[in-house]
file query-v4.cif (mmCIF, N, CA and C atoms)
data_run
#
loop_
_atom_site.label_atom_id
_atom_site.label_comp_id
_atom_site.auth_asym_id
_atom_site.auth_seq_id
_atom_site.Cartn_x
_atom_site.Cartn_y
_atom_site.Cartn_z
N MET X 1392 -3.47 7.27 19.46
CA MET X 1392 -2.80 8.04 18.42
C MET X 1392 -3.01 7.43 17.05
N LEU X 1393 -3.06 6.11 16.99
CA LEU X 1393 -3.30 5.46 15.70
C LEU X 1393 -4.70 5.79 15.19
N ALA X 1394 -5.67 5.84 16.10
CA ALA X 1394 -7.03 6.20 15.70
C ALA X 1394 -7.07 7.64 15.19
N ASP X 1395 -6.37 8.54 15.87
CA ASP X 1395 -6.31 9.93 15.42
C ASP X 1395 -5.66 10.03 14.04
N ASN X 1396 -4.65 9.21 13.80
CA ASN X 1396 -4.02 9.20 12.47
C ASN X 1396 -5.02 8.75 11.41
N GLU X 1397 -5.77 7.71 11.73
CA GLU X 1397 -6.76 7.21 10.78
C GLU X 1397 -7.82 8.27 10.49
N ILE X 1398 -8.24 8.99 11.51
CA ILE X 1398 -9.23 10.05 11.34
C ILE X 1398 -8.68 11.15 10.43
N ASP X 1399 -7.46 11.61 10.71
CA ASP X 1399 -6.85 12.65 9.88
C ASP X 1399 -6.69 12.19 8.43
N LEU X 1400 -6.23 10.98 8.23
CA LEU X 1400 -6.03 10.47 6.87
C LEU X 1400 -7.36 10.32 6.14
N HIS X 1401 -8.38 9.85 6.84
CA HIS X 1401 -9.70 9.70 6.24
C HIS X 1401 -10.27 11.05 5.79
N HIS X 1402 -10.18 12.04 6.66
CA HIS X 1402 -10.71 13.36 6.31
C HIS X 1402 -9.89 14.02 5.18
N ALA X 1403 -8.60 13.80 5.19
CA ALA X 1403 -7.77 14.33 4.10
C ALA X 1403 -8.17 13.69 2.78
N ARG X 1404 -8.38 12.39 2.80
CA ARG X 1404 -8.78 11.67 1.58
C ARG X 1404 -10.12 12.20 1.07
N LEU X 1405 -11.07 12.40 1.97
CA LEU X 1405 -12.38 12.92 1.57
C LEU X 1405 -12.27 14.33 1.00
N ALA X 1406 -11.44 15.16 1.60
CA ALA X 1406 -11.26 16.53 1.11
C ALA X 1406 -10.67 16.52 -0.30
N ILE X 1407 -9.70 15.66 -0.53
CA ILE X 1407 -9.08 15.55 -1.85
C ILE X 1407 -10.10 15.07 -2.88
N TRP X 1408 -10.86 14.03 -2.52
CA TRP X 1408 -11.87 13.51 -3.45
C TRP X 1408 -12.91 14.57 -3.77
N HIS X 1409 -13.33 15.33 -2.78
CA HIS X 1409 -14.34 16.37 -3.01
C HIS X 1409 -13.80 17.45 -3.94
N ALA X 1410 -12.60 17.92 -3.67
CA ALA X 1410 -12.00 18.95 -4.54
C ALA X 1410 -11.82 18.42 -5.95
N ALA X 1411 -11.37 17.18 -6.08
CA ALA X 1411 -11.19 16.59 -7.41
C ALA X 1411 -12.52 16.45 -8.13
N TRP X 1412 -13.56 16.06 -7.41
CA TRP X 1412 -14.88 15.92 -8.01
C TRP X 1412 -15.37 17.27 -8.53
N LEU X 1413 -15.20 18.33 -7.73
CA LEU X 1413 -15.60 19.66 -8.16
C LEU X 1413 -14.85 20.08 -9.43
N LEU X 1414 -13.56 19.82 -9.45
CA LEU X 1414 -12.77 20.15 -10.64
C LEU X 1414 -13.25 19.36 -11.85
N ASP X 1415 -13.58 18.09 -11.65
CA ASP X 1415 -14.12 17.26 -12.74
C ASP X 1415 -15.44 17.79 -13.27
N GLN X 1416 -16.21 18.47 -12.42
CA GLN X 1416 -17.49 19.04 -12.82
C GLN X 1416 -17.34 20.37 -13.54
N GLY X 1417 -16.10 20.84 -13.68
CA GLY X 1417 -15.85 22.09 -14.37
C GLY X 1417 -15.80 23.29 -13.44
N ASP X 1418 -15.93 23.06 -12.15
CA ASP X 1418 -15.86 24.13 -11.15
C ASP X 1418 -14.38 24.50 -10.95
N PHE X 1419 -14.11 25.76 -10.71
CA PHE X 1419 -12.73 26.16 -10.43
C PHE X 1419 -12.29 25.71 -9.03
N ALA X 1420 -13.22 25.56 -8.11
CA ALA X 1420 -12.99 25.02 -6.77
C ALA X 1420 -11.84 25.72 -6.05
N ARG X 1421 -11.76 27.02 -6.21
CA ARG X 1421 -10.65 27.77 -5.60
C ARG X 1421 -10.65 27.63 -4.07
N ASN X 1422 -11.81 27.84 -3.46
CA ASN X 1422 -11.86 27.74 -2.00
C ASN X 1422 -11.60 26.32 -1.54
N GLU X 1423 -12.22 25.37 -2.21
CA GLU X 1423 -12.08 23.98 -1.79
C GLU X 1423 -10.64 23.48 -1.93
N THR X 1424 -9.96 23.86 -3.01
CA THR X 1424 -8.58 23.41 -3.16
C THR X 1424 -7.66 24.10 -2.14
N SER X 1425 -7.96 25.35 -1.81
CA SER X 1425 -7.18 26.02 -0.76
C SER X 1425 -7.40 25.36 0.58
N MET X 1426 -8.66 25.07 0.89
CA MET X 1426 -8.96 24.40 2.17
C MET X 1426 -8.30 23.03 2.21
N CYS X 1427 -8.34 22.34 1.09
CA CYS X 1427 -7.75 21.01 0.99
C CYS X 1427 -6.24 21.08 1.21
N LYS X 1428 -5.60 22.05 0.59
CA LYS X 1428 -4.15 22.21 0.72
C LYS X 1428 -3.77 22.44 2.17
N VAL X 1429 -4.48 23.35 2.84
CA VAL X 1429 -4.17 23.67 4.23
C VAL X 1429 -4.45 22.47 5.13
N PHE X 1430 -5.64 21.91 5.01
CA PHE X 1430 -6.00 20.80 5.89
C PHE X 1430 -5.09 19.61 5.71
N CYS X 1431 -4.89 19.19 4.46
CA CYS X 1431 -4.10 17.99 4.20
C CYS X 1431 -2.64 18.15 4.62
N SER X 1432 -2.03 19.27 4.30
CA SER X 1432 -0.62 19.44 4.66
C SER X 1432 -0.45 19.44 6.18
N GLU X 1433 -1.39 20.02 6.90
CA GLU X 1433 -1.28 20.04 8.36
C GLU X 1433 -1.68 18.70 8.97
N ALA X 1434 -2.65 18.03 8.37
CA ALA X 1434 -3.04 16.70 8.85
C ALA X 1434 -1.89 15.71 8.68
N PHE X 1435 -1.23 15.76 7.52
CA PHE X 1435 -0.10 14.85 7.30
C PHE X 1435 1.02 15.13 8.28
N GLY X 1436 1.23 16.40 8.62
CA GLY X 1436 2.22 16.74 9.64
C GLY X 1436 1.87 16.14 10.99
N ARG X 1437 0.59 16.20 11.35
CA ARG X 1437 0.15 15.61 12.62
C ARG X 1437 0.33 14.09 12.60
N VAL X 1438 0.01 13.48 11.47
CA VAL X 1438 0.11 12.02 11.36
C VAL X 1438 1.56 11.57 11.55
N VAL X 1439 2.48 12.20 10.86
CA VAL X 1439 3.87 11.78 10.96
C VAL X 1439 4.44 12.13 12.34
N ASP X 1440 3.98 13.22 12.94
CA ASP X 1440 4.42 13.55 14.28
C ASP X 1440 3.96 12.50 15.29
N ARG X 1441 2.72 12.05 15.15
CA ARG X 1441 2.23 10.99 16.04
C ARG X 1441 2.99 9.68 15.81
N ALA X 1442 3.27 9.38 14.55
CA ALA X 1442 4.03 8.16 14.25
C ALA X 1442 5.40 8.22 14.91
N MET X 1443 6.02 9.39 14.86
CA MET X 1443 7.31 9.59 15.50
C MET X 1443 7.19 9.39 17.01
N GLN X 1444 6.12 9.92 17.58
CA GLN X 1444 5.89 9.79 19.02
C GLN X 1444 5.66 8.33 19.42
N ILE X 1445 4.92 7.61 18.60
CA ILE X 1445 4.66 6.19 18.88
C ILE X 1445 5.94 5.39 18.87
N LEU X 1446 6.82 5.68 17.94
CA LEU X 1446 8.08 4.93 17.83
C LEU X 1446 9.10 5.30 18.90
N GLY X 1447 8.91 6.46 19.52
CA GLY X 1447 9.86 6.88 20.55
C GLY X 1447 11.20 7.24 19.94
N SER X 1448 12.26 6.94 20.66
CA SER X 1448 13.59 7.37 20.22
C SER X 1448 14.01 6.73 18.90
N ILE X 1449 13.51 5.55 18.59
CA ILE X 1449 13.87 4.94 17.31
C ILE X 1449 13.27 5.72 16.13
N GLY X 1450 12.21 6.50 16.40
CA GLY X 1450 11.56 7.27 15.35
C GLY X 1450 12.43 8.36 14.75
N ILE X 1451 13.44 8.81 15.50
CA ILE X 1451 14.31 9.87 14.97
C ILE X 1451 15.58 9.32 14.33
N THR X 1452 15.71 8.01 14.32
CA THR X 1452 16.88 7.39 13.69
C THR X 1452 16.55 7.03 12.24
N ARG X 1453 17.55 6.74 11.49
CA ARG X 1453 17.34 6.33 10.10
C ARG X 1453 16.99 4.85 9.98
N ASP X 1454 16.71 4.22 11.11
CA ASP X 1454 16.30 2.81 11.09
C ASP X 1454 14.86 2.63 10.62
N THR X 1455 14.09 3.72 10.60
CA THR X 1455 12.70 3.65 10.13
C THR X 1455 12.51 4.70 9.04
N VAL X 1456 11.46 4.52 8.26
CA VAL X 1456 11.15 5.47 7.19
C VAL X 1456 10.51 6.74 7.77
N VAL X 1457 10.05 6.68 9.01
CA VAL X 1457 9.35 7.81 9.62
C VAL X 1457 10.25 9.04 9.72
N GLU X 1458 11.49 8.85 10.01
CA GLU X 1458 12.43 9.98 10.12
C GLU X 1458 12.51 10.73 8.79
N ARG X 1459 12.58 10.00 7.71
CA ARG X 1459 12.65 10.62 6.38
C ARG X 1459 11.35 11.34 6.04
N ILE X 1460 10.24 10.68 6.32
CA ILE X 1460 8.94 11.29 6.05
C ILE X 1460 8.78 12.55 6.88
N TYR X 1461 9.22 12.52 8.12
CA TYR X 1461 9.14 13.68 9.00
C TYR X 1461 9.86 14.88 8.39
N ARG X 1462 11.04 14.65 7.84
CA ARG X 1462 11.79 15.74 7.18
C ARG X 1462 11.11 16.20 5.90
N ASP X 1463 10.57 15.25 5.14
CA ASP X 1463 9.98 15.57 3.85
C ASP X 1463 8.60 16.22 3.94
N ILE X 1464 7.88 15.98 5.00
CA ILE X 1464 6.49 16.44 5.07
C ILE X 1464 6.39 17.92 5.47
N ARG X 1465 7.34 18.45 6.19
CA ARG X 1465 7.25 19.84 6.65
C ARG X 1465 7.10 20.85 5.51
N PRO X 1466 7.83 20.73 4.44
CA PRO X 1466 7.68 21.70 3.34
C PRO X 1466 6.31 21.67 2.67
N PHE X 1467 5.51 20.62 2.89
CA PHE X 1467 4.18 20.56 2.29
C PHE X 1467 3.33 21.75 2.73
N ARG X 1468 3.62 22.31 3.92
CA ARG X 1468 2.87 23.47 4.40
C ARG X 1468 3.31 24.75 3.70
N ILE X 1469 4.35 24.66 2.88
CA ILE X 1469 4.87 25.83 2.16
C ILE X 1469 4.62 25.72 0.66
N TYR X 1470 4.68 24.48 0.11
CA TYR X 1470 4.45 24.30 -1.32
C TYR X 1470 3.11 24.91 -1.73
N ASP X 1471 3.05 25.45 -2.92
CA ASP X 1471 1.83 26.05 -3.45
C ASP X 1471 1.32 27.19 -2.56
N GLY X 1472 2.23 27.85 -1.89
CA GLY X 1472 1.86 28.97 -1.01
C GLY X 1472 1.71 28.50 0.42
N PRO X 1473 2.23 29.27 1.35
CA PRO X 1473 2.12 28.90 2.76
C PRO X 1473 0.66 28.80 3.20
N SER X 1474 0.42 27.96 4.19
CA SER X 1474 -0.94 27.78 4.70
C SER X 1474 -1.55 29.11 5.15
N GLU X 1475 -0.73 30.00 5.69
CA GLU X 1475 -1.25 31.29 6.16
C GLU X 1475 -1.81 32.12 4.99
N VAL X 1476 -1.19 32.04 3.84
CA VAL X 1476 -1.67 32.78 2.66
C VAL X 1476 -3.02 32.20 2.23
N HIS X 1477 -3.15 30.89 2.21
CA HIS X 1477 -4.41 30.26 1.85
C HIS X 1477 -5.50 30.65 2.85
N ARG X 1478 -5.16 30.68 4.13
CA ARG X 1478 -6.12 31.10 5.15
C ARG X 1478 -6.57 32.54 4.92
N HIS X 1479 -5.61 33.39 4.60
CA HIS X 1479 -5.92 34.81 4.36
C HIS X 1479 -6.88 34.94 3.17
N VAL X 1480 -6.61 34.22 2.10
CA VAL X 1480 -7.46 34.27 0.90
C VAL X 1480 -8.86 33.75 1.24
N LEU X 1481 -8.94 32.68 1.99
CA LEU X 1481 -10.23 32.11 2.36
C LEU X 1481 -11.04 33.05 3.25
N ALA X 1482 -10.34 33.74 4.13
CA ALA X 1482 -11.03 34.66 5.07
C ALA X 1482 -11.59 35.83 4.30
#
call {"tool": "encode", "arguments": {"input": "query-v4.cif", "output": "structure tokens"}}
result
Amino acid sequence: MLADNEIDLHHARLAIWHAAWLLDQGDFARNETSMCKVFCSEAFGRVVDRAMQILGSIGITRDTVVERIYRDIRPFRIYDGPSEVHRHVLA
């Protein structure tokens, strides 16, 4: 699970860098930023879910920061438009 987290985080980082690079080049990068928003918000959800799973029952207590991150990360799939809207626009 830790390896899967590293893979998700690495790909999210690359997607962000690519979208930022396109924007720096003067491109509007509409598709790339939409793809980045969807992928990253869902990847971060998977990462925190795996972290919660690794910690077991302590992961849902306030003894770790994971519980807070778990609550805070879910709305990322809604900010700047729900992932489904971005998917619809991309399709």
call {"tool": "select_by_dssp", "arguments": {"input": "query-v4.cif", "residues": "chain X", "states": "helix (DSSP H, G or I)", "output": "VMD selection string"}}
result
chain X and resid 1393 to 1415 1421 to 1451 1457 to 1468 1474 to 1481
call {"tool": "closest_residue", "arguments": {"input": "query-v4.cif", "among": "X:Arg1478, X:Ile1445, X:Val1438, X:Arg1468", "to": "X:Asp1399", "atoms": "all atoms listed in the file"}}
result
X:Val1438
call {"tool": "resolve_selection", "arguments": {"input": "query-v4.cif", "expression": "the PyMOL selection byres (((chain X and resi 1432 and name CA) around 9) and name CA)", "output": "list in words"}}
result
Ala1403, Cys1427, Lys1428, Val1429, Phe1430, Cys1431, Glu1433, Ala1434, Phe1435, Gly1436, Arg1437, Ile1464, Arg1465, Pro1466, Phe1467, Arg1468, Ile1469 and Ser1474 of chain X
call {"tool": "closest_residue", "arguments": {"input": "query-v4.cif", "among": "X:Asp1418, X:Glu1423, X:Asp1440, X:Glu1475", "to": "X:Asp1395", "atoms": "only C-alpha atoms"}}
result
X:Asp1440
call {"tool": "axis_aligned_box", "arguments": {"input": "query-v4.cif", "around": "stretch 1395-1403 of chain X", "padding_each_side": "6 Å", "output": "lines of an AutoDock Vina configuration file"}}
result
center_x = -7.4
center_y = 10.8
center_z = 9.3
size_x = 18.7
size_y = 19.1
size_z = 25.1
call {"tool": "residues_around", "arguments": {"input": "query-v4.cif", "residues": "X:Thr1424", "least_positions_apart": "6", "cutoff": "10 Å", "atoms": "only C-alpha atoms", "output": "VMD selection string"}}
result
chain X and resid 1406 to 1407 1409 to 1411 1413 to 1414 1430 1477
call {"tool": "build_atoms", "arguments": {"input": "query-v4.cif", "residues": "stretch 1396-1416 of chain X", "atoms": "N, CA, C and O atoms", "output": "PDB file, keeping the file's coordinate frame"}}
result
ATOM      1  N   ASN X1396      -4.650   9.210  13.800  1.00  0.00           N
ATOM      2  CA  ASN X1396      -4.020   9.200  12.470  1.00  0.00           C
ATOM      3  C   ASN X1396      -5.020   8.750  11.410  1.00  0.00           C
ATOM      4  O   ASN X1396      -5.097   9.335  10.338  1.00  0.00           O
ATOM      5  N   GLU X1397      -5.770   7.710  11.730  1.00  0.00           N
ATOM      6  CA  GLU X1397      -6.760   7.210  10.780  1.00  0.00           C
ATOM      7  C   GLU X1397      -7.820   8.270  10.490  1.00  0.00           C
ATOM      8  O   GLU X1397      -8.238   8.452   9.351  1.00  0.00           O
ATOM      9  N   ILE X1398      -8.240   8.990  11.510  1.00  0.00           N
ATOM     10  CA  ILE X1398      -9.230  10.050  11.340  1.00  0.00           C
ATOM     11  C   ILE X1398      -8.680  11.150  10.430  1.00  0.00           C
ATOM     12  O   ILE X1398      -9.352  11.594   9.492  1.00  0.00           O
ATOM     13  N   ASP X1399      -7.460  11.610  10.710  1.00  0.00           N
ATOM     14  CA  ASP X1399      -6.850  12.650   9.880  1.00  0.00           C
ATOM     15  C   ASP X1399      -6.690  12.190   8.430  1.00  0.00           C
ATOM     16  O   ASP X1399      -6.996  12.939   7.495  1.00  0.00           O
ATOM     17  N   LEU X1400      -6.230  10.980   8.230  1.00  0.00           N
ATOM     18  CA  LEU X1400      -6.030  10.470   6.870  1.00  0.00           C
ATOM     19  C   LEU X1400      -7.360  10.320   6.140  1.00  0.00           C
ATOM     20  O   LEU X1400      -7.470  10.648   4.949  1.00  0.00           O
ATOM     21  N   HIS X1401      -8.380   9.850   6.840  1.00  0.00           N
ATOM     22  CA  HIS X1401      -9.700   9.700   6.240  1.00  0.00           C
ATOM     23  C   HIS X1401     -10.270  11.050   5.790  1.00  0.00           C
ATOM     24  O   HIS X1401     -10.752  11.182   4.664  1.00  0.00           O
ATOM     25  N   HIS X1402     -10.180  12.040   6.660  1.00  0.00           N
ATOM     26  CA  HIS X1402     -10.710  13.360   6.310  1.00  0.00           C
ATOM     27  C   HIS X1402      -9.890  14.020   5.180  1.00  0.00           C
ATOM     28  O   HIS X1402     -10.463  14.707   4.326  1.00  0.00           O
ATOM     29  N   ALA X1403      -8.600  13.800   5.190  1.00  0.00           N
ATOM     30  CA  ALA X1403      -7.770  14.330   4.100  1.00  0.00           C
ATOM     31  C   ALA X1403      -8.170  13.690   2.780  1.00  0.00           C
ATOM     32  O   ALA X1403      -8.312  14.369   1.758  1.00  0.00           O
ATOM     33  N   ARG X1404      -8.380  12.390   2.800  1.00  0.00           N
ATOM     34  CA  ARG X1404      -8.780  11.670   1.580  1.00  0.00           C
ATOM     35  C   ARG X1404     -10.120  12.200   1.070  1.00  0.00           C
ATOM     36  O   ARG X1404     -10.295  12.448  -0.130  1.00  0.00           O
ATOM     37  N   LEU X1405     -11.070  12.400   1.970  1.00  0.00           N
ATOM     38  CA  LEU X1405     -12.380  12.920   1.570  1.00  0.00           C
ATOM     39  C   LEU X1405     -12.270  14.330   1.000  1.00  0.00           C
ATOM     40  O   LEU X1405     -12.944  14.663   0.015  1.00  0.00           O
ATOM     41  N   ALA X1406     -11.440  15.160   1.600  1.00  0.00           N
ATOM     42  CA  ALA X1406     -11.260  16.530   1.110  1.00  0.00           C
ATOM     43  C   ALA X1406     -10.670  16.520  -0.300  1.00  0.00           C
ATOM     44  O   ALA X1406     -11.103  17.284  -1.172  1.00  0.00           O
ATOM     45  N   ILE X1407      -9.700  15.660  -0.530  1.00  0.00           N
ATOM     46  CA  ILE X1407      -9.080  15.550  -1.850  1.00  0.00           C
ATOM     47  C   ILE X1407     -10.100  15.070  -2.880  1.00  0.00           C
ATOM     48  O   ILE X1407     -10.207  15.625  -3.978  1.00  0.00           O
ATOM     49  N   TRP X1408     -10.860  14.030  -2.520  1.00  0.00           N
ATOM     50  CA  TRP X1408     -11.870  13.510  -3.450  1.00  0.00           C
ATOM     51  C   TRP X1408     -12.910  14.570  -3.770  1.00  0.00           C
ATOM     52  O   TRP X1408     -13.347  14.690  -4.921  1.00  0.00           O
ATOM     53  N   HIS X1409     -13.330  15.330  -2.780  1.00  0.00           N
ATOM     54  CA  HIS X1409     -14.340  16.370  -3.010  1.00  0.00           C
ATOM     55  C   HIS X1409     -13.800  17.450  -3.940  1.00  0.00           C
ATOM     56  O   HIS X1409     -14.488  17.852  -4.893  1.00  0.00           O
ATOM     57  N   ALA X1410     -12.600  17.920  -3.670  1.00  0.00           N
ATOM     58  CA  ALA X1410     -12.000  18.950  -4.540  1.00  0.00           C
ATOM     59  C   ALA X1410     -11.820  18.420  -5.950  1.00  0.00           C
ATOM     60  O   ALA X1410     -12.118  19.121  -6.931  1.00  0.00           O
ATOM     61  N   ALA X1411     -11.370  17.180  -6.080  1.00  0.00           N
ATOM     62  CA  ALA X1411     -11.190  16.590  -7.410  1.00  0.00           C
ATOM     63  C   ALA X1411     -12.520  16.450  -8.130  1.00  0.00           C
ATOM     64  O   ALA X1411     -12.617  16.705  -9.335  1.00  0.00           O
ATOM     65  N   TRP X1412     -13.560  16.060  -7.410  1.00  0.00           N
ATOM     66  CA  TRP X1412     -14.880  15.920  -8.010  1.00  0.00           C
ATOM     67  C   TRP X1412     -15.370  17.270  -8.530  1.00  0.00           C
ATOM     68  O   TRP X1412     -15.891  17.361  -9.641  1.00  0.00           O
ATOM     69  N   LEU X1413     -15.200  18.330  -7.730  1.00  0.00           N
ATOM     70  CA  LEU X1413     -15.600  19.660  -8.160  1.00  0.00           C
ATOM     71  C   LEU X1413     -14.850  20.080  -9.430  1.00  0.00           C
ATOM     72  O   LEU X1413     -15.441  20.628 -10.364  1.00  0.00           O
ATOM     73  N   LEU X1414     -13.560  19.820  -9.450  1.00  0.00           N
ATOM     74  CA  LEU X1414     -12.770  20.150 -10.640  1.00  0.00           C
ATOM     75  C   LEU X1414     -13.250  19.360 -11.850  1.00  0.00           C
ATOM     76  O   LEU X1414     -13.333  19.890 -12.959  1.00  0.00           O
ATOM     77  N   ASP X1415     -13.580  18.090 -11.650  1.00  0.00           N
ATOM     78  CA  ASP X1415     -14.120  17.260 -12.740  1.00  0.00           C
ATOM     79  C   ASP X1415     -15.440  17.790 -13.270  1.00  0.00           C
ATOM     80  O   ASP X1415     -15.768  17.600 -14.442  1.00  0.00           O
ATOM     81  N   GLN X1416     -16.210  18.470 -12.420  1.00  0.00           N
ATOM     82  CA  GLN X1416     -17.490  19.040 -12.820  1.00  0.00           C
ATOM     83  C   GLN X1416     -17.340  20.370 -13.540  1.00  0.00           C
ATOM     84  O   GLN X1416     -18.316  20.977 -13.937  1.00  0.00           O
TER      85      GLN X1416
END
